[in-house]
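**Student:** query_16.pdb (PDB, C-alpha atoms and all ligand atoms) pasted underneath:
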```pdb
ATOM      1  CA  MET K1394      77.786 -61.617  44.720  1.00  0.00           C
ATOM      2  CA  ARG K1395      80.285 -59.761  42.541  1.00  0.00           C
ATOM      3  CA  LEU K1396      78.682 -57.137  40.348  1.00  0.00           C
ATOM      4  CA  ASP K1397      80.216 -58.473  37.107  1.00  0.00           C
ATOM      5  CA  ARG K1398      78.867 -61.964  37.864  1.00  0.00           C
ATOM      6  CA  LEU K1399      75.392 -60.624  38.515  1.00  0.00           C
ATOM      7  CA  ILE K1400      75.446 -58.803  35.167  1.00  0.00           C
ATOM      8  CA  CYS K1401      76.685 -61.936  33.365  1.00  0.00           C
ATOM      9  CA  GLN K1402      73.645 -63.829  34.596  1.00  0.00           C
ATOM     10  CA  GLN K1403      71.797 -62.132  31.725  1.00  0.00           C
ATOM     11  CA  ARG K1404      71.796 -64.874  29.120  1.00  0.00           C
ATOM     12  CA  ASP K1405      72.424 -62.590  26.166  1.00  0.00           C
ATOM     13  CA  TRP K1406      75.277 -60.661  27.830  1.00  0.00           C
ATOM     14  CA  SER K1407      78.846 -61.899  27.688  1.00  0.00           C
ATOM     15  CA  ARG K1408      81.499 -60.979  30.220  1.00  0.00           C
ATOM     16  CA  ARG K1409      82.823 -58.540  27.647  1.00  0.00           C
ATOM     17  CA  THR K1410      79.440 -56.825  27.463  1.00  0.00           C
ATOM     18  CA  ALA K1411      79.317 -56.681  31.252  1.00  0.00           C
ATOM     19  CA  LEU K1412      82.740 -55.035  31.479  1.00  0.00           C
ATOM     20  CA  LYS K1413      81.824 -52.553  28.744  1.00  0.00           C
ATOM     21  CA  LEU K1414      78.608 -51.592  30.538  1.00  0.00           C
ATOM     22  CA  LEU K1415      80.609 -51.044  33.720  1.00  0.00           C
ATOM     23  CA  ASP K1416      83.223 -49.008  31.849  1.00  0.00           C
ATOM     24  CA  ASP K1417      80.606 -46.896  30.097  1.00  0.00           C
ATOM     25  CA  GLY K1418      78.890 -45.898  33.360  1.00  0.00           C
ATOM     26  CA  GLN K1419      75.818 -47.938  32.416  1.00  0.00           C
ATOM     27  CA  VAL K1420      75.525 -49.809  35.718  1.00  0.00           C
ATOM     28  CA  TRP K1421      73.742 -48.418  38.769  1.00  0.00           C
ATOM     29  CA  VAL K1422      73.695 -49.888  42.261  1.00  0.00           C
ATOM     30  CA  ASN K1423      71.111 -48.294  44.496  1.00  0.00           C
ATOM     31  CA  ASP K1424      70.769 -45.427  42.013  1.00  0.00           C
ATOM     32  CA  LYS K1425      74.503 -44.661  41.924  1.00  0.00           C
ATOM     33  CA  VAL K1426      76.823 -45.411  39.009  1.00  0.00           C
ATOM     34  CA  GLU K1427      79.205 -48.234  39.881  1.00  0.00           C
ATOM     35  CA  SER K1428      82.100 -49.209  37.627  1.00  0.00           C
ATOM     36  CA  ASN K1429      84.001 -51.691  39.794  1.00  0.00           C
ATOM     37  CA  PRO K1430      83.367 -55.244  38.492  1.00  0.00           C
ATOM     38  CA  LEU K1431      84.353 -56.655  41.900  1.00  0.00           C
ATOM     39  CA  PHE K1432      81.834 -54.520  43.795  1.00  0.00           C
ATOM     40  CA  ALA K1433      79.927 -56.829  46.203  1.00  0.00           C
ATOM     41  CA  VAL K1434      76.152 -56.675  45.861  1.00  0.00           C
ATOM     42  CA  ASP K1435      73.783 -58.305  48.322  1.00  0.00           C
ATOM     43  CA  ARG K1436      70.146 -59.142  47.750  1.00  0.00           C
ATOM     44  CA  PHE K1437      69.084 -55.837  49.274  1.00  0.00           C
ATOM     45  CA  ALA K1438      70.688 -53.807  46.481  1.00  0.00           C
ATOM     46  CA  LYS K1439      68.771 -52.468  43.483  1.00  0.00           C
ATOM     47  CA  VAL K1440      70.836 -53.099  40.346  1.00  0.00           C
ATOM     48  CA  VAL K1441      70.185 -51.595  36.924  1.00  0.00           C
ATOM     49  CA  ALA K1442      72.475 -52.234  33.937  1.00  0.00           C
ATOM     50  CA  GLY K1443      72.121 -51.142  30.338  1.00  0.00           C
ATOM     51  CA  GLY K1444      68.563 -50.005  31.025  1.00  0.00           C
ATOM     52  CA  ARG K1445      67.494 -53.353  32.549  1.00  0.00           C
ATOM     53  CA  LEU K1446      66.450 -53.885  36.126  1.00  0.00           C
ATOM     54  CA  LEU K1447      68.604 -56.885  37.108  1.00  0.00           C
ATOM     55  CA  GLN K1448      67.578 -56.965  40.740  1.00  0.00           C
ATOM     56  CA  ALA K1449      64.805 -54.973  42.394  1.00  0.00           C
ATOM     57  CA  GLY K1450      66.401 -55.168  45.849  1.00  0.00           C
ATOM     58  CA  LYS K1451      64.609 -56.036  49.037  1.00  0.00           C
ATOM     59  CA  PRO K1452      64.170 -53.838  52.041  1.00  0.00           C
ATOM     60  CA  ALA K1453      66.455 -54.985  54.829  1.00  0.00           C
ATOM     61  CA  LEU K1454      64.624 -55.386  58.134  1.00  0.00           C
ATOM     62  CA  TYR K1455      66.122 -55.070  61.592  1.00  0.00           C
ATOM     63  CA  LEU K1456      63.928 -55.273  64.698  1.00  0.00           C
ATOM     64  CA  MET K1457      64.287 -55.492  68.451  1.00  0.00           C
ATOM     65  CA  LEU K1458      61.624 -57.414  70.355  1.00  0.00           C
ATOM     66  CA  HIS K1459      61.131 -57.482  74.103  1.00  0.00           C
ATOM     67  CA  LYS K1460      60.697 -61.233  74.375  1.00  0.00           C
ATOM     68  CA  PRO K1461      58.172 -62.293  76.979  1.00  0.00           C
ATOM     69  CA  ALA K1462      58.597 -65.511  78.973  1.00  0.00           C
ATOM     70  CA  GLY K1463      56.842 -68.538  77.491  1.00  0.00           C
ATOM     71  CA  VAL K1464      57.492 -67.946  73.794  1.00  0.00           C
ATOM     72  CA  VAL K1465      60.135 -69.896  71.951  1.00  0.00           C
ATOM     73  CA  SER K1466      62.913 -68.239  69.948  1.00  0.00           C
ATOM     74  CA  ALA K1467      61.905 -69.868  66.701  1.00  0.00           C
ATOM     75  CA  THR K1468      60.192 -68.992  63.471  1.00  0.00           C
ATOM     76  CA  SER K1469      57.808 -71.945  63.843  1.00  0.00           C
ATOM     77  CA  ASP K1470      57.043 -74.499  66.528  1.00  0.00           C
ATOM     78  CA  PRO K1471      54.375 -77.202  66.607  1.00  0.00           C
ATOM     79  CA  LYS K1472      53.614 -76.791  70.332  1.00  0.00           C
ATOM     80  CA  HIS K1473      54.486 -73.331  71.616  1.00  0.00           C
ATOM     81  CA  PRO K1474      53.880 -69.730  70.571  1.00  0.00           C
ATOM     82  CA  THR K1475      56.921 -68.295  68.802  1.00  0.00           C
ATOM     83  CA  ALA K1476      58.638 -64.940  69.102  1.00  0.00           C
ATOM     84  CA  VAL K1477      58.131 -64.391  65.381  1.00  0.00           C
ATOM     85  CA  SER K1478      54.347 -64.791  65.746  1.00  0.00           C
ATOM     86  CA  LEU K1479      54.367 -61.537  67.755  1.00  0.00           C
ATOM     87  CA  LEU K1480      55.350 -59.643  64.588  1.00  0.00           C
ATOM     88  CA  PRO K1481      53.237 -58.596  61.594  1.00  0.00           C
ATOM     89  CA  GLN K1482      52.355 -61.518  59.332  1.00  0.00           C
ATOM     90  CA  ALA K1483      54.039 -59.925  56.306  1.00  0.00           C
ATOM     91  CA  TRP K1484      57.452 -60.114  57.982  1.00  0.00           C
ATOM     92  CA  GLN K1485      57.138 -63.517  59.608  1.00  0.00           C
ATOM     93  CA  GLU K1486      58.445 -65.547  56.667  1.00  0.00           C
ATOM     94  CA  GLU K1487      61.395 -63.231  56.115  1.00  0.00           C
ATOM     95  CA  LEU K1488      62.960 -62.883  59.504  1.00  0.00           C
ATOM     96  CA  HIS K1489      65.376 -64.963  61.481  1.00  0.00           C
ATOM     97  CA  ILE K1490      66.508 -64.560  65.063  1.00  0.00           C
ATOM     98  CA  ALA K1491      70.025 -63.273  65.737  1.00  0.00           C
ATOM     99  CA  GLY K1492      70.845 -65.023  69.013  1.00  0.00           C
ATOM    100  CA  ARG K1493      68.151 -67.127  70.638  1.00  0.00           C
ATOM    101  CA  LEU K1494      66.847 -66.982  74.182  1.00  0.00           C
ATOM    102  CA  ASP K1495      65.435 -69.941  76.110  1.00  0.00           C
ATOM    103  CA  LYS K1496      61.660 -70.183  76.382  1.00  0.00           C
ATOM    104  CA  ALA K1497      61.600 -68.905  79.963  1.00  0.00           C
ATOM    105  CA  SER K1498      64.111 -66.088  79.318  1.00  0.00           C
ATOM    106  CA  THR K1499      63.005 -62.526  78.628  1.00  0.00           C
ATOM    107  CA  GLY K1500      64.488 -59.397  77.122  1.00  0.00           C
ATOM    108  CA  LEU K1501      66.307 -58.304  74.006  1.00  0.00           C
ATOM    109  CA  LEU K1502      65.771 -60.399  70.902  1.00  0.00           C
ATOM    110  CA  LEU K1503      67.089 -59.174  67.550  1.00  0.00           C
ATOM    111  CA  LEU K1504      65.401 -60.213  64.319  1.00  0.00           C
ATOM    112  CA  THR K1505      66.499 -59.494  60.771  1.00  0.00           C
ATOM    113  CA  ASN K1506      66.489 -60.767  57.202  1.00  0.00           C
ATOM    114  CA  ASP K1507      70.163 -59.789  56.792  1.00  0.00           C
ATOM    115  CA  GLY K1508      72.238 -62.893  57.410  1.00  0.00           C
ATOM    116  CA  LEU K1509      75.612 -61.154  57.216  1.00  0.00           C
ATOM    117  CA  TRP K1510      74.561 -58.639  59.835  1.00  0.00           C
ATOM    118  CA  SER K1511      73.224 -61.271  62.237  1.00  0.00           C
ATOM    119  CA  ARG K1512      76.432 -63.273  61.948  1.00  0.00           C
ATOM    120  CA  ARG K1513      78.386 -60.242  63.075  1.00  0.00           C
ATOM    121  CA  ILE K1514      76.556 -60.351  66.393  1.00  0.00           C
ATOM    122  CA  THR K1515      76.263 -64.105  66.907  1.00  0.00           C
ATOM    123  CA  GLU K1516      79.603 -65.548  65.720  1.00  0.00           C
ATOM    124  CA  PRO K1517      81.328 -66.736  68.928  1.00  0.00           C
ATOM    125  CA  GLN K1518      84.723 -65.810  67.407  1.00  0.00           C
ATOM    126  CA  LEU K1519      83.704 -62.159  67.195  1.00  0.00           C
ATOM    127  CA  LYS K1520      83.141 -62.081  70.970  1.00  0.00           C
ATOM    128  CA  LYS K1521      80.337 -59.526  71.089  1.00  0.00           C
ATOM    129  CA  PRO K1522      79.289 -58.926  74.712  1.00  0.00           C
ATOM    130  CA  LYS K1523      75.784 -59.979  75.786  1.00  0.00           C
ATOM    131  CA  THR K1524      74.562 -58.759  79.143  1.00  0.00           C
ATOM    132  CA  TYR K1525      71.960 -60.511  81.287  1.00  0.00           C
ATOM    133  CA  LEU K1526      70.241 -59.900  84.599  1.00  0.00           C
ATOM    134  CA  VAL K1527      70.163 -63.220  86.415  1.00  0.00           C
ATOM    135  CA  THR K1528      68.215 -64.296  89.500  1.00  0.00           C
ATOM    136  CA  LEU K1529      69.442 -67.432  91.232  1.00  0.00           C
ATOM    137  CA  ALA K1530      67.751 -69.951  93.515  1.00  0.00           C
ATOM    138  CA  ASN K1531      70.632 -69.926  96.018  1.00  0.00           C
ATOM    139  CA  PRO K1532      73.006 -67.231  97.296  1.00  0.00           C
ATOM    140  CA  ILE K1533      75.804 -66.590  94.803  1.00  0.00           C
ATOM    141  CA  ASP K1534      78.979 -68.466  95.758  1.00  0.00           C
ATOM    142  CA  PRO K1535      81.830 -65.991  96.462  1.00  0.00           C
ATOM    143  CA  ASP K1536      84.050 -67.881  93.987  1.00  0.00           C
ATOM    144  CA  THR K1537      81.632 -67.443  91.064  1.00  0.00           C
ATOM    145  CA  ALA K1538      83.019 -64.186  89.628  1.00  0.00           C
ATOM    146  CA  ARG K1539      86.586 -65.483  89.653  1.00  0.00           C
ATOM    147  CA  ARG K1540      85.683 -68.805  88.011  1.00  0.00           C
ATOM    148  CA  PHE K1541      83.557 -67.107  85.344  1.00  0.00           C
ATOM    149  CA  ALA K1542      86.428 -64.704  84.623  1.00  0.00           C
ATOM    150  CA  GLU K1543      88.755 -67.671  84.120  1.00  0.00           C
ATOM    151  CA  GLY K1544      86.286 -69.323  81.744  1.00  0.00           C
ATOM    152  CA  ILE K1545      84.199 -72.447  82.235  1.00  0.00           C
ATOM    153  CA  TYR K1546      85.061 -75.588  80.295  1.00  0.00           C
ATOM    154  CA  PHE K1547      82.109 -77.114  78.400  1.00  0.00           C
ATOM    155  CA  GLU K1548      82.899 -80.734  77.752  1.00  0.00           C
ATOM    156  CA  TYR K1549      80.192 -81.260  75.165  1.00  0.00           C
ATOM    157  CA  GLU K1550      81.541 -78.538  72.838  1.00  0.00           C
ATOM    158  CA  GLY K1551      85.148 -78.939  73.988  1.00  0.00           C
ATOM    159  CA  ILE K1552      85.490 -75.187  74.546  1.00  0.00           C
ATOM    160  CA  THR K1553      86.265 -72.877  77.430  1.00  0.00           C
ATOM    161  CA  THR K1554      83.947 -69.885  77.640  1.00  0.00           C
ATOM    162  CA  SER K1555      85.538 -66.463  77.187  1.00  0.00           C
ATOM    163  CA  PRO K1556      86.240 -64.571  80.404  1.00  0.00           C
ATOM    164  CA  ALA K1557      82.849 -63.352  81.636  1.00  0.00           C
ATOM    165  CA  GLN K1558      82.173 -60.484  84.020  1.00  0.00           C
ATOM    166  CA  LEU K1559      79.861 -61.009  86.965  1.00  0.00           C
ATOM    167  CA  GLU K1560      78.620 -57.949  88.826  1.00  0.00           C
ATOM    168  CA  GLN K1561      76.879 -59.090  91.985  1.00  0.00           C
ATOM    169  CA  LEU K1562      73.798 -56.952  92.704  1.00  0.00           C
ATOM    170  CA  SER K1563      72.484 -58.803  95.766  1.00  0.00           C
ATOM    171  CA  SER K1564      72.810 -62.224  97.381  1.00  0.00           C
ATOM    172  CA  HIS K1565      70.685 -63.830  94.632  1.00  0.00           C
ATOM    173  CA  GLN K1566      70.990 -61.425  91.723  1.00  0.00           C
ATOM    174  CA  ALA K1567      73.782 -60.514  89.306  1.00  0.00           C
ATOM    175  CA  ARG K1568      74.484 -58.857  85.999  1.00  0.00           C
ATOM    176  CA  LEU K1569      76.524 -61.174  83.805  1.00  0.00           C
ATOM    177  CA  THR K1570      78.308 -60.352  80.554  1.00  0.00           C
ATOM    178  CA  ILE K1571      79.226 -63.270  78.312  1.00  0.00           C
ATOM    179  CA  TYR K1572      80.833 -63.321  74.872  1.00  0.00           C
ATOM    180  CA  GLU K1573      79.276 -66.331  73.177  1.00  0.00           C
ATOM    181  CA  GLY K1574      75.763 -67.697  73.016  1.00  0.00           C
ATOM    182  CA  ARG K1575      76.230 -71.414  73.642  1.00  0.00           C
ATOM    183  CA  TYR K1576      73.246 -73.630  74.334  1.00  0.00           C
ATOM    184  CA  HIS K1577      71.874 -72.803  77.836  1.00  0.00           C
ATOM    185  CA  GLN K1578      75.213 -71.127  78.478  1.00  0.00           C
ATOM    186  CA  ILE K1579      74.338 -69.185  81.614  1.00  0.00           C
ATOM    187  CA  LYS K1580      72.350 -71.996  83.201  1.00  0.00           C
ATOM    188  CA  ARG K1581      75.257 -74.327  82.595  1.00  0.00           C
ATOM    189  CA  MET K1582      77.758 -71.828  84.022  1.00  0.00           C
ATOM    190  CA  PHE K1583      75.759 -71.471  87.244  1.00  0.00           C
ATOM    191  CA  GLY K1584      75.151 -75.221  87.114  1.00  0.00           C
ATOM    192  CA  ARG K1585      78.821 -75.633  88.051  1.00  0.00           C
ATOM    193  CA  PHE K1586      77.878 -74.101  91.394  1.00  0.00           C
ATOM    194  CA  ARG K1587      74.664 -76.126  91.640  1.00  0.00           C
ATOM    195  CA  ASN K1588      72.784 -72.865  91.578  1.00  0.00           C
ATOM    196  CA  PRO K1589      69.651 -72.985  89.397  1.00  0.00           C
ATOM    197  CA  VAL K1590      68.757 -69.901  87.378  1.00  0.00           C
ATOM    198  CA  LEU K1591      65.279 -68.655  88.251  1.00  0.00           C
ATOM    199  CA  THR K1592      65.010 -65.738  85.829  1.00  0.00           C
ATOM    200  CA  LEU K1593      67.170 -64.574  82.963  1.00  0.00           C
ATOM    201  CA  HIS K1594      66.678 -61.256  81.207  1.00  0.00           C
ATOM    202  CA  ARG K1595      68.874 -60.046  78.332  1.00  0.00           C
ATOM    203  CA  GLU K1596      69.593 -56.336  78.569  1.00  0.00           C
ATOM    204  CA  SER K1597      71.948 -55.842  75.623  1.00  0.00           C
ATOM    205  CA  MET K1598      73.784 -57.422  72.714  1.00  0.00           C
ATOM    206  CA  GLY K1599      76.935 -55.600  71.673  1.00  0.00           C
ATOM    207  CA  PRO K1600      76.053 -51.903  71.531  1.00  0.00           C
ATOM    208  CA  ILE K1601      72.284 -52.528  71.231  1.00  0.00           C
ATOM    209  CA  VAL K1602      70.359 -52.051  74.470  1.00  0.00           C
ATOM    210  CA  LEU K1603      66.759 -53.166  75.022  1.00  0.00           C
ATOM    211  CA  ASP K1604      64.569 -50.067  74.761  1.00  0.00           C
ATOM    212  CA  ARG K1605      62.993 -49.506  78.183  1.00  0.00           C
ATOM    213  CA  ARG K1606      59.833 -48.185  76.540  1.00  0.00           C
ATOM    214  CA  LEU K1607      59.072 -51.623  75.084  1.00  0.00           C
ATOM    215  CA  GLN K1608      56.771 -53.752  77.207  1.00  0.00           C
ATOM    216  CA  ALA K1609      57.135 -57.536  77.013  1.00  0.00           C
ATOM    217  CA  GLY K1610      55.795 -58.614  73.615  1.00  0.00           C
ATOM    218  CA  GLU K1611      56.408 -55.234  71.943  1.00  0.00           C
ATOM    219  CA  TYR K1612      58.951 -54.521  69.203  1.00  0.00           C
ATOM    220  CA  ARG K1613      60.394 -51.635  67.221  1.00  0.00           C
ATOM    221  CA  PRO K1614      62.658 -51.243  64.183  1.00  0.00           C
ATOM    222  CA  LEU K1615      66.304 -50.609  64.970  1.00  0.00           C
ATOM    223  CA  THR K1616      67.573 -47.104  64.297  1.00  0.00           C
ATOM    224  CA  ALA K1617      70.151 -46.475  61.579  1.00  0.00           C
ATOM    225  CA  ALA K1618      72.750 -45.899  64.308  1.00  0.00           C
ATOM    226  CA  GLU K1619      71.956 -49.238  65.988  1.00  0.00           C
ATOM    227  CA  ILE K1620      72.193 -51.105  62.675  1.00  0.00           C
ATOM    228  CA  ALA K1621      75.498 -49.455  61.815  1.00  0.00           C
ATOM    229  CA  ALA K1622      76.946 -50.130  65.269  1.00  0.00           C
ATOM    230  CA  ILE K1623      77.097 -53.893  64.691  1.00  0.00           C
TER     231      ILE K1623
HETATM  232  N1  LIG R1701      71.956 -68.581  78.638  1.00  0.00           N
HETATM  233  C1  LIG R1701      70.954 -69.403  78.997  1.00  0.00           C
HETATM  234  O1  LIG R1701      71.149 -70.361  79.748  1.00  0.00           O
HETATM  235  N2  LIG R1701      69.723 -69.136  78.528  1.00  0.00           N
HETATM  236  C2  LIG R1701      69.433 -68.081  77.721  1.00  0.00           C
HETATM  237  O2  LIG R1701      68.279 -67.872  77.337  1.00  0.00           O
HETATM  238  C3  LIG R1701      70.497 -67.236  77.352  1.00  0.00           C
HETATM  239  C4  LIG R1701      71.765 -67.509  77.829  1.00  0.00           C
END
```
I need this file expressed as C-alpha cells, please.

**Tutor:**
Amino acid sequence: MRLDRLICQQRDWSRRTALKLLDDGQVWVNDKVESNPLFAVDRFAKVVAGGRLLQAGKPALYLMLHKPAGVVSATSDPKHPTAVSLLPQAWQEELHIAGRLDKASTGLLLLTNDGLWSRRITEPQLKKPKTYLVTLANPIDPDTARRFAEGIYFEYEGITTSPAQLEQLSSHQARLTIYEGRYHQIKRMFGRFRNPVLTLHRESMGPIVLDRRLQAGEYRPLTAAEIAAI
C-alpha cells in the first residue's frame, strides 16, 4: 500500500495532515524517516507517524524444507500428513508453499508468508529454472532431450512448455530443468514417451539449492542472500 494511503486510514487525519507529516519528517518506516507519499509499504513494515504506531509490522518468514515422500504440499488436508505440519505450530497458520511438489516427490520446498516473494519464484512468465533428479521406469528414449528442448504442448492448458534441459545421467536417470510448475508437469512430459516417473527429487528453484545437510523432514530458514537472490 502507498504510504500516504496508510496514513490517511487514521480517521482523524486528512490527506493534508498526512502530507504535512511526511513533509515534516514525522513518518518512519522501519525506524527510518520516509517523506515520499508514494513509498510502497507491505505488511512486514513497521510504520510510525506523528508519534502513533500505525502498523507494528510482521516478521517475514522464509524457509526451505526437505520434503519427504508421502506428505502433501498443502497447509491442511483431511487425509494425509502435510508438509506444513512438519514445521513449528506457531508458523503453520502463516505460511504458504511457493511451488508445490506431488505427494510422492521429495526435495526442496520453499515456504513463506511473503506473497510477493513467492510469486517471483512461481509465476510461469518469470521462467525461473527448477531442477529435478528423475528416475524412470523404462530406459530414456534418445529423442527425449530434443523434444523437451522444443517444448511439449499441454492440451489442457493450451500451452507449450518452455525449452527444458535434460541431462541424461544413466539409462534410467536424468537431471531435468524446467521453467514452469504446471500440474504434474514432469510426469506428463515423460508421459509423452510412455515412460512412468518412479522418483522425482527437486534439487533447486532459481538460485536456491536444497541444503545437503537437511535430512528428509528437516527445514531451515533461508539466509539473507538466498532471500535476496529471488
Ligand atoms: N512435476 C511433477 O510431475 N511432479 C512434481 O512433484 C514436480 C514436477

**Student:** Show me which residues line ligand LIG 1701 (chain R), defined as having an atom within 7 Å of a ligand atom where all atoms listed in the file count, and present them as a PDB file with C-alpha atoms, keeping the file's coordinate frame.

**Tutor:**
```pdb
ATOM      1  CA  ARG K1493      68.151 -67.127  70.638  1.00  0.00           C
ATOM      2  CA  LEU K1494      66.847 -66.982  74.182  1.00  0.00           C
ATOM      3  CA  ASP K1495      65.435 -69.941  76.110  1.00  0.00           C
ATOM      4  CA  SER K1498      64.111 -66.088  79.318  1.00  0.00           C
ATOM      5  CA  GLY K1574      75.763 -67.697  73.016  1.00  0.00           C
ATOM      6  CA  TYR K1576      73.246 -73.630  74.334  1.00  0.00           C
ATOM      7  CA  HIS K1577      71.874 -72.803  77.836  1.00  0.00           C
ATOM      8  CA  GLN K1578      75.213 -71.127  78.478  1.00  0.00           C
ATOM      9  CA  ILE K1579      74.338 -69.185  81.614  1.00  0.00           C
ATOM     10  CA  LYS K1580      72.350 -71.996  83.201  1.00  0.00           C
ATOM     11  CA  ARG K1581      75.257 -74.327  82.595  1.00  0.00           C
ATOM     12  CA  LEU K1593      67.170 -64.574  82.963  1.00  0.00           C
TER      13      LEU K1593
END
```

**Student:** Lys1496 in chain K: which residues within 10 Å, counting only C-alpha atoms, same-chain residues fewer than 4 positions away excluded, as an MDAnalysis selection string?

**Tutor:** chainID K and resid 1460:1467 1473:1476

**Student:** Residue by residue, what does the PyMOL selection byres (((chain K and resi 1441) around 12) and not hetatm) grab here? Present the result as a PyMOL selection string.

**Tutor:** chain K and resi 1396+1399-1400+1403+1411+1414-1415+1418-1427+1434+1438-1440+1442-1450

**Student:** Taking all atoms listed in the file into account, which of K:His1459, K:Arg1585, K:Arg1568, K:Arg1539 comes nearest Asp1604 in chain K?

**Tutor:** K:His1459

**Student:** Which polymer residues have any atom within 8 Å of an atom of range 1502-1506 of chain K, counting only C-alpha atoms, with same-chain residues fewer than 3 positions away left out, as a ChimeraX atom specification?

**Tutor:** /K:1453-1460,1487-1494,1511
